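**Q** Starting off with a structure, shown below.
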Amino acid sequence: MITLKSTREIEQMKESGAILAGIHKQLREFIVPGVTTKEINQFVQKKIETAGATAAQIGFEGYEFATCTSVNDEICHGFPSKYRLKTGDVLKVDFCVDYHGAISDSCWTYAVGEITPEHQALMDVTKEALMLGIEQAQVGNRVGDIGHAIQTYAEGKGYGVVQDFLAHGIGPTIHEEPFFPHFGVAGKGTRLKEGMTITIEPMITTGTWEAGIDGNGWTARTLDGSFCAQYEHSIVITKEGPVIMTEQEA
């Protein structure tokens with residue numbers, strides 16, 4: 001069931017989103033060659049708790065960590081580990097914040113040191129695909145409009161659009177209806193209404209869109225070893241247009 005959020009609920013989610021976005025801003029300086037993904041996880045969890053919030057991913061469907069830290073060909077759900085980042089790595093950090101029951105969710109991709117022009121272009125295209133998808137999150141549009149905008153842009157640039165993982169509603173729980181892919185046909189799917197709160201989180205690759213799952217049952221990676229980038233925002237749909245609740249100030 002899709003729930004439309006009240007003004008009070010939306011304001012609480014914006015507070016949660018501000019905490020999350022602030023931590024992502026701090027990660028810009030923390031993520032450098034030599035740091036481990038486990039240390040990044042510990043940094044994020046401490047910042048969440050210092051803000052009086054909870055790392056919502058811990059315990060979610062048995063997941064043990066505050067973050068997903070996915071490197072290079074890992075698409076999503078990478079486990080924090082003793083892996084020490086090196087120059088040229090592309091790192092996705094995805095986490096959720098629960099602030100007094102209001103949940104926000106955002107993933108960001110970070111270049112570790114100096115990366116190749118190819119991988120910088122991947123990051124740029126993925127971020128632009130997210131923003132084009134968000135532009136379609138208008139009252140009266142459908143979820144297919146979001147997926148279509150992302151797919152046509154990214155594939156038009158020669159990239160793969162991962163199909164196995166979905167955008168979703170968000171609110172009192174991490175995953176809510178509607179669930180929808182980052183590809184599709186314009187004008188199809190669930191109609192968007194004022195008060196809906198959703199995530200949009202395209203995962204774009206330099207090669208195939210096809211994914212496999214590691215033996216841990218969680219971590220997805222590209223079948224051909226190509227790099228993947230992901231950007232995600234939590235947004236609310238309003239009469240005036242989409243409002244990003246996890247926006248990072250410059």
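How things are named: the first chain in the structure tokens is A, the next is B, and so on; residues count from 1 in each chain; ligands count from 1 in the order shown.
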Just list the residues in region 1-214 of chain A DSSP gives helix (DSSP H, G or I) on the backbone, as a PyMOL selection string.
**A** chain A and resi 7-30+37-50+60-62+117-135+143-156
**Q** Just to be explicit: take each residue in the selection above, keep C-alpha atoms, and write the result as a CSV table (one decimal), in the first residue's frame.
**A**
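Below is the file that was written, result.csv:
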chain,number,residue,atom,x,y,z
A,7,THR,CA,3.3,17.8,6.4
A,8,ARG,CA,4.6,16.8,9.8
A,9,GLU,CA,6.0,13.5,8.5
A,10,ILE,CA,7.6,15.2,5.6
A,11,GLU,CA,9.3,17.8,7.8
A,12,GLN,CA,10.6,15.0,10.0
A,13,MET,CA,12.0,13.2,7.0
A,14,LYS,CA,13.7,16.4,5.9
A,15,GLU,CA,15.4,16.6,9.3
A,16,SER,CA,16.6,13.0,8.9
A,17,GLY,CA,17.7,13.8,5.3
A,18,ALA,CA,19.7,16.8,6.5
A,19,ILE,CA,21.6,14.6,9.0
A,20,LEU,CA,22.4,12.1,6.2
A,21,ALA,CA,23.4,14.7,3.7
A,22,GLY,CA,25.7,16.3,6.2
A,23,ILE,CA,27.5,13.0,6.8
A,24,HIS,CA,28.0,12.5,3.1
A,25,LYS,CA,29.6,16.0,2.9
A,26,GLN,CA,32.0,15.0,5.6
A,27,LEU,CA,32.9,11.8,3.7
A,28,ARG,CA,34.3,13.9,0.9
A,29,GLU,CA,37.4,14.6,3.1
A,30,PHE,CA,37.4,11.2,4.9
A,37,THR,CA,35.8,0.5,4.1
A,38,LYS,CA,35.3,-0.8,7.6
A,39,GLU,CA,36.7,2.5,8.9
A,40,ILE,CA,34.3,4.4,6.7
A,41,ASN,CA,31.4,2.4,8.1
A,42,GLN,CA,32.6,3.2,11.7
A,43,PHE,CA,32.9,6.9,10.8
A,44,VAL,CA,29.3,7.0,9.4
A,45,GLN,CA,27.8,5.1,12.3
A,46,LYS,CA,29.5,7.3,14.9
A,47,LYS,CA,28.2,10.5,13.1
A,48,ILE,CA,24.7,9.1,12.9
A,49,GLU,CA,24.6,8.3,16.6
A,50,THR,CA,26.2,11.6,17.6
A,60,PHE,CA,17.3,-4.7,8.3
A,61,GLU,CA,16.6,-8.2,6.9
A,62,GLY,CA,19.6,-9.4,8.9
A,117,PRO,CA,38.6,10.0,-17.3
A,118,GLU,CA,36.4,7.0,-18.2
A,119,HIS,CA,35.4,6.5,-14.6
A,120,GLN,CA,34.9,10.2,-14.0
A,121,ALA,CA,32.6,10.3,-17.0
A,122,LEU,CA,30.7,7.3,-15.5
A,123,MET,CA,30.1,9.2,-12.3
A,124,ASP,CA,29.0,12.4,-14.2
A,125,VAL,CA,26.5,10.5,-16.4
A,126,THR,CA,25.1,8.6,-13.4
A,127,LYS,CA,24.5,11.8,-11.4
A,128,GLU,CA,22.9,13.5,-14.4
A,129,ALA,CA,20.7,10.4,-14.9
A,130,LEU,CA,19.5,10.7,-11.3
A,131,MET,CA,18.6,14.4,-11.7
A,132,LEU,CA,16.8,13.7,-15.0
A,133,GLY,CA,14.8,11.1,-13.2
A,134,ILE,CA,14.0,13.4,-10.4
A,135,GLU,CA,12.7,16.0,-12.9
A,143,VAL,CA,7.0,5.9,-12.4
A,144,GLY,CA,7.7,4.9,-16.0
A,145,ASP,CA,8.5,8.5,-16.8
A,146,ILE,CA,11.3,8.4,-14.2
A,147,GLY,CA,12.7,5.1,-15.5
A,148,HIS,CA,12.4,6.1,-19.1
A,149,ALA,CA,14.3,9.4,-18.6
A,150,ILE,CA,17.1,7.6,-16.8
A,151,GLN,CA,17.4,4.7,-19.3
A,152,THR,CA,17.3,6.8,-22.5
A,153,TYR,CA,19.9,9.2,-21.2
A,154,ALA,CA,22.3,6.6,-19.8
A,155,GLU,CA,22.0,4.1,-22.7
A,156,GLY,CA,22.2,7.0,-25.2
**Q** List every residue of region 187-245 of chain A that DSSP, applied to the backbone of this structure, places in strand (DSSP E or B), and write the result as a PDB file with N, CA and C atoms, in the first residue's frame.
**A**
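Produced file result16.pdb, reproduced below:
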ATOM      1  N   ARG A 191       0.853   5.982 -10.858  1.00  0.00           N
ATOM      2  CA  ARG A 191       0.772   7.440 -10.988  1.00  0.00           C
ATOM      3  C   ARG A 191       1.307   8.105  -9.718  1.00  0.00           C
ATOM      4  N   THR A 197       6.604   9.882  -0.896  1.00  0.00           N
ATOM      5  CA  THR A 197       8.042  10.012  -0.638  1.00  0.00           C
ATOM      6  C   THR A 197       8.722   8.775  -1.201  1.00  0.00           C
ATOM      7  N   ILE A 198       9.689   9.004  -2.076  1.00  0.00           N
ATOM      8  CA  ILE A 198      10.336   7.902  -2.793  1.00  0.00           C
ATOM      9  C   ILE A 198      11.845   8.136  -2.863  1.00  0.00           C
ATOM     10  N   THR A 199      12.557   7.058  -3.169  1.00  0.00           N
ATOM     11  CA  THR A 199      13.962   7.171  -3.542  1.00  0.00           C
ATOM     12  C   THR A 199      14.084   6.949  -5.044  1.00  0.00           C
ATOM     13  N   ILE A 200      15.072   7.584  -5.625  1.00  0.00           N
ATOM     14  CA  ILE A 200      15.486   7.295  -7.001  1.00  0.00           C
ATOM     15  C   ILE A 200      16.976   7.037  -6.930  1.00  0.00           C
ATOM     16  N   MET A 203      21.752   2.809 -10.880  1.00  0.00           N
ATOM     17  CA  MET A 203      23.064   2.157 -10.874  1.00  0.00           C
ATOM     18  C   MET A 203      23.475   1.984 -12.329  1.00  0.00           C
ATOM     19  N   ILE A 204      24.533   2.671 -12.731  1.00  0.00           N
ATOM     20  CA  ILE A 204      24.944   2.746 -14.124  1.00  0.00           C
ATOM     21  C   ILE A 204      26.342   2.151 -14.269  1.00  0.00           C
ATOM     22  N   THR A 205      26.558   1.387 -15.347  1.00  0.00           N
ATOM     23  CA  THR A 205      27.831   0.700 -15.529  1.00  0.00           C
ATOM     24  C   THR A 205      28.510   1.092 -16.837  1.00  0.00           C
ATOM     25  N   ALA A 211      23.874  -8.486 -13.504  1.00  0.00           N
ATOM     26  CA  ALA A 211      24.501  -8.558 -12.192  1.00  0.00           C
ATOM     27  C   ALA A 211      24.525  -9.987 -11.666  1.00  0.00           C
ATOM     28  N   GLY A 212      25.494 -10.268 -10.824  1.00  0.00           N
ATOM     29  CA  GLY A 212      25.548 -11.522 -10.082  1.00  0.00           C
ATOM     30  C   GLY A 212      25.692 -11.218  -8.605  1.00  0.00           C
ATOM     31  N   ILE A 213      25.353 -12.179  -7.760  1.00  0.00           N
ATOM     32  CA  ILE A 213      25.411 -11.999  -6.310  1.00  0.00           C
ATOM     33  C   ILE A 213      26.545 -12.834  -5.741  1.00  0.00           C
ATOM     34  N   ALA A 220      26.146  -7.379  -4.849  1.00  0.00           N
ATOM     35  CA  ALA A 220      25.946  -7.547  -6.285  1.00  0.00           C
ATOM     36  C   ALA A 220      27.118  -6.908  -7.021  1.00  0.00           C
ATOM     37  N   ARG A 221      27.513  -7.551  -8.122  1.00  0.00           N
ATOM     38  CA  ARG A 221      28.580  -6.982  -8.954  1.00  0.00           C
ATOM     39  C   ARG A 221      28.282  -7.260 -10.421  1.00  0.00           C
ATOM     40  N   THR A 222      28.905  -6.469 -11.288  1.00  0.00           N
ATOM     41  CA  THR A 222      28.679  -6.634 -12.723  1.00  0.00           C
ATOM     42  C   THR A 222      29.273  -7.965 -13.192  1.00  0.00           C
ATOM     43  N   CYS A 228      30.828   0.372 -11.770  1.00  0.00           N
ATOM     44  CA  CYS A 228      29.469   0.861 -11.567  1.00  0.00           C
ATOM     45  C   CYS A 228      29.499   2.099 -10.683  1.00  0.00           C
ATOM     46  N   ALA A 229      28.630   3.043 -10.982  1.00  0.00           N
ATOM     47  CA  ALA A 229      28.413   4.209 -10.121  1.00  0.00           C
ATOM     48  C   ALA A 229      26.938   4.248  -9.733  1.00  0.00           C
ATOM     49  N   GLN A 230      26.658   4.857  -8.589  1.00  0.00           N
ATOM     50  CA  GLN A 230      25.275   5.012  -8.140  1.00  0.00           C
ATOM     51  C   GLN A 230      25.132   6.316  -7.365  1.00  0.00           C
ATOM     52  N   HIS A 233      18.843   9.857  -4.113  1.00  0.00           N
ATOM     53  CA  HIS A 233      18.231  10.844  -3.226  1.00  0.00           C
ATOM     54  C   HIS A 233      16.879  10.329  -2.752  1.00  0.00           C
ATOM     55  N   SER A 234      16.495  10.769  -1.563  1.00  0.00           N
ATOM     56  CA  SER A 234      15.114  10.627  -1.096  1.00  0.00           C
ATOM     57  C   SER A 234      14.388  11.926  -1.434  1.00  0.00           C
ATOM     58  N   ILE A 235      13.213  11.809  -2.045  1.00  0.00           N
ATOM     59  CA  ILE A 235      12.481  13.004  -2.456  1.00  0.00           C
ATOM     60  C   ILE A 235      11.022  12.917  -2.012  1.00  0.00           C
ATOM     61  N   VAL A 236      10.385  14.082  -1.954  1.00  0.00           N
ATOM     62  CA  VAL A 236       8.945  14.157  -1.721  1.00  0.00           C
ATOM     63  C   VAL A 236       8.315  14.835  -2.933  1.00  0.00           C
ATOM     64  N   ILE A 237       7.178  14.320  -3.359  1.00  0.00           N
ATOM     65  CA  ILE A 237       6.476  14.868  -4.512  1.00  0.00           C
ATOM     66  C   ILE A 237       5.467  15.896  -4.019  1.00  0.00           C
ATOM     67  N   THR A 238       5.597  17.119  -4.518  1.00  0.00           N
ATOM     68  CA  THR A 238       4.717  18.208  -4.114  1.00  0.00           C
ATOM     69  C   THR A 238       4.048  18.823  -5.345  1.00  0.00           C
ATOM     70  N   GLY A 241       6.462  20.536  -7.491  1.00  0.00           N
ATOM     71  CA  GLY A 241       7.520  19.732  -8.089  1.00  0.00           C
ATOM     72  C   GLY A 241       8.240  18.903  -7.039  1.00  0.00           C
ATOM     73  N   PRO A 242       9.207  18.073  -7.463  1.00  0.00           N
ATOM     74  CA  PRO A 242       9.929  17.223  -6.519  1.00  0.00           C
ATOM     75  C   PRO A 242      10.851  18.046  -5.618  1.00  0.00           C
ATOM     76  N   VAL A 243      10.898  17.661  -4.346  1.00  0.00           N
ATOM     77  CA  VAL A 243      11.792  18.299  -3.384  1.00  0.00           C
ATOM     78  C   VAL A 243      12.756  17.237  -2.863  1.00  0.00           C
ATOM     79  N   ILE A 244      14.045  17.500  -3.008  1.00  0.00           N
ATOM     80  CA  ILE A 244      15.078  16.559  -2.552  1.00  0.00           C
ATOM     81  C   ILE A 244      15.263  16.745  -1.040  1.00  0.00           C
TER      82      ILE A 244
END
**Q** Have a look at A:Thr173, A:Asn141, A:Thr219, A:Gln248 and name the one nearest to Leu192 (chain A); count only C-alpha atoms.
**A** A:Asn141
**Q** Measure the distance from CA of Leu4 (chain A) to CA of Lys193 (chain A) in Å and round it to one decimal.
**A**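 Rounded to one decimal, the two atoms are 7.9 Å apart.
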**Q** Between A:His168, A:Arg84, A:His100, A:Lys239, which is the closest to Val32 (chain A) once you count only C-alpha atoms?
**A**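 Looking only at the distances to Val32 (chain A), the closest residue turns out to be A:Arg84.
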**Q** Counting only C-alpha atoms, what is within 6 Å of region 67-70 of chain A, bar same-chain residues fewer than 2 positions away, as a list in words?
**A**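 Result of the neighbour search: Asn41, Phe65, Glu74, Cys76, His77, Gly78, Phe79, Pro80, Leu91, Lys92, Val93, Asp94 and Phe95 of chain A.
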**Q** Report as a list in words all protein, DNA and RNA residues lying within 10 Å of Thr87 (chain A), evaluated on only C-alpha atoms, omitting residues in the same chain fewer than 4 positions from it.
**A** Val32, Pro33, Gly34, Ala111, Val112, Gly113, Glu114, Ile115 and Thr116 of chain A
**Q** Rounded to one decimal, what separation in Å do you get between CA of Asn72 (chain A) and CA of Phe227 (chain A)?
**A**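 A separation of 4.9 Å between them.
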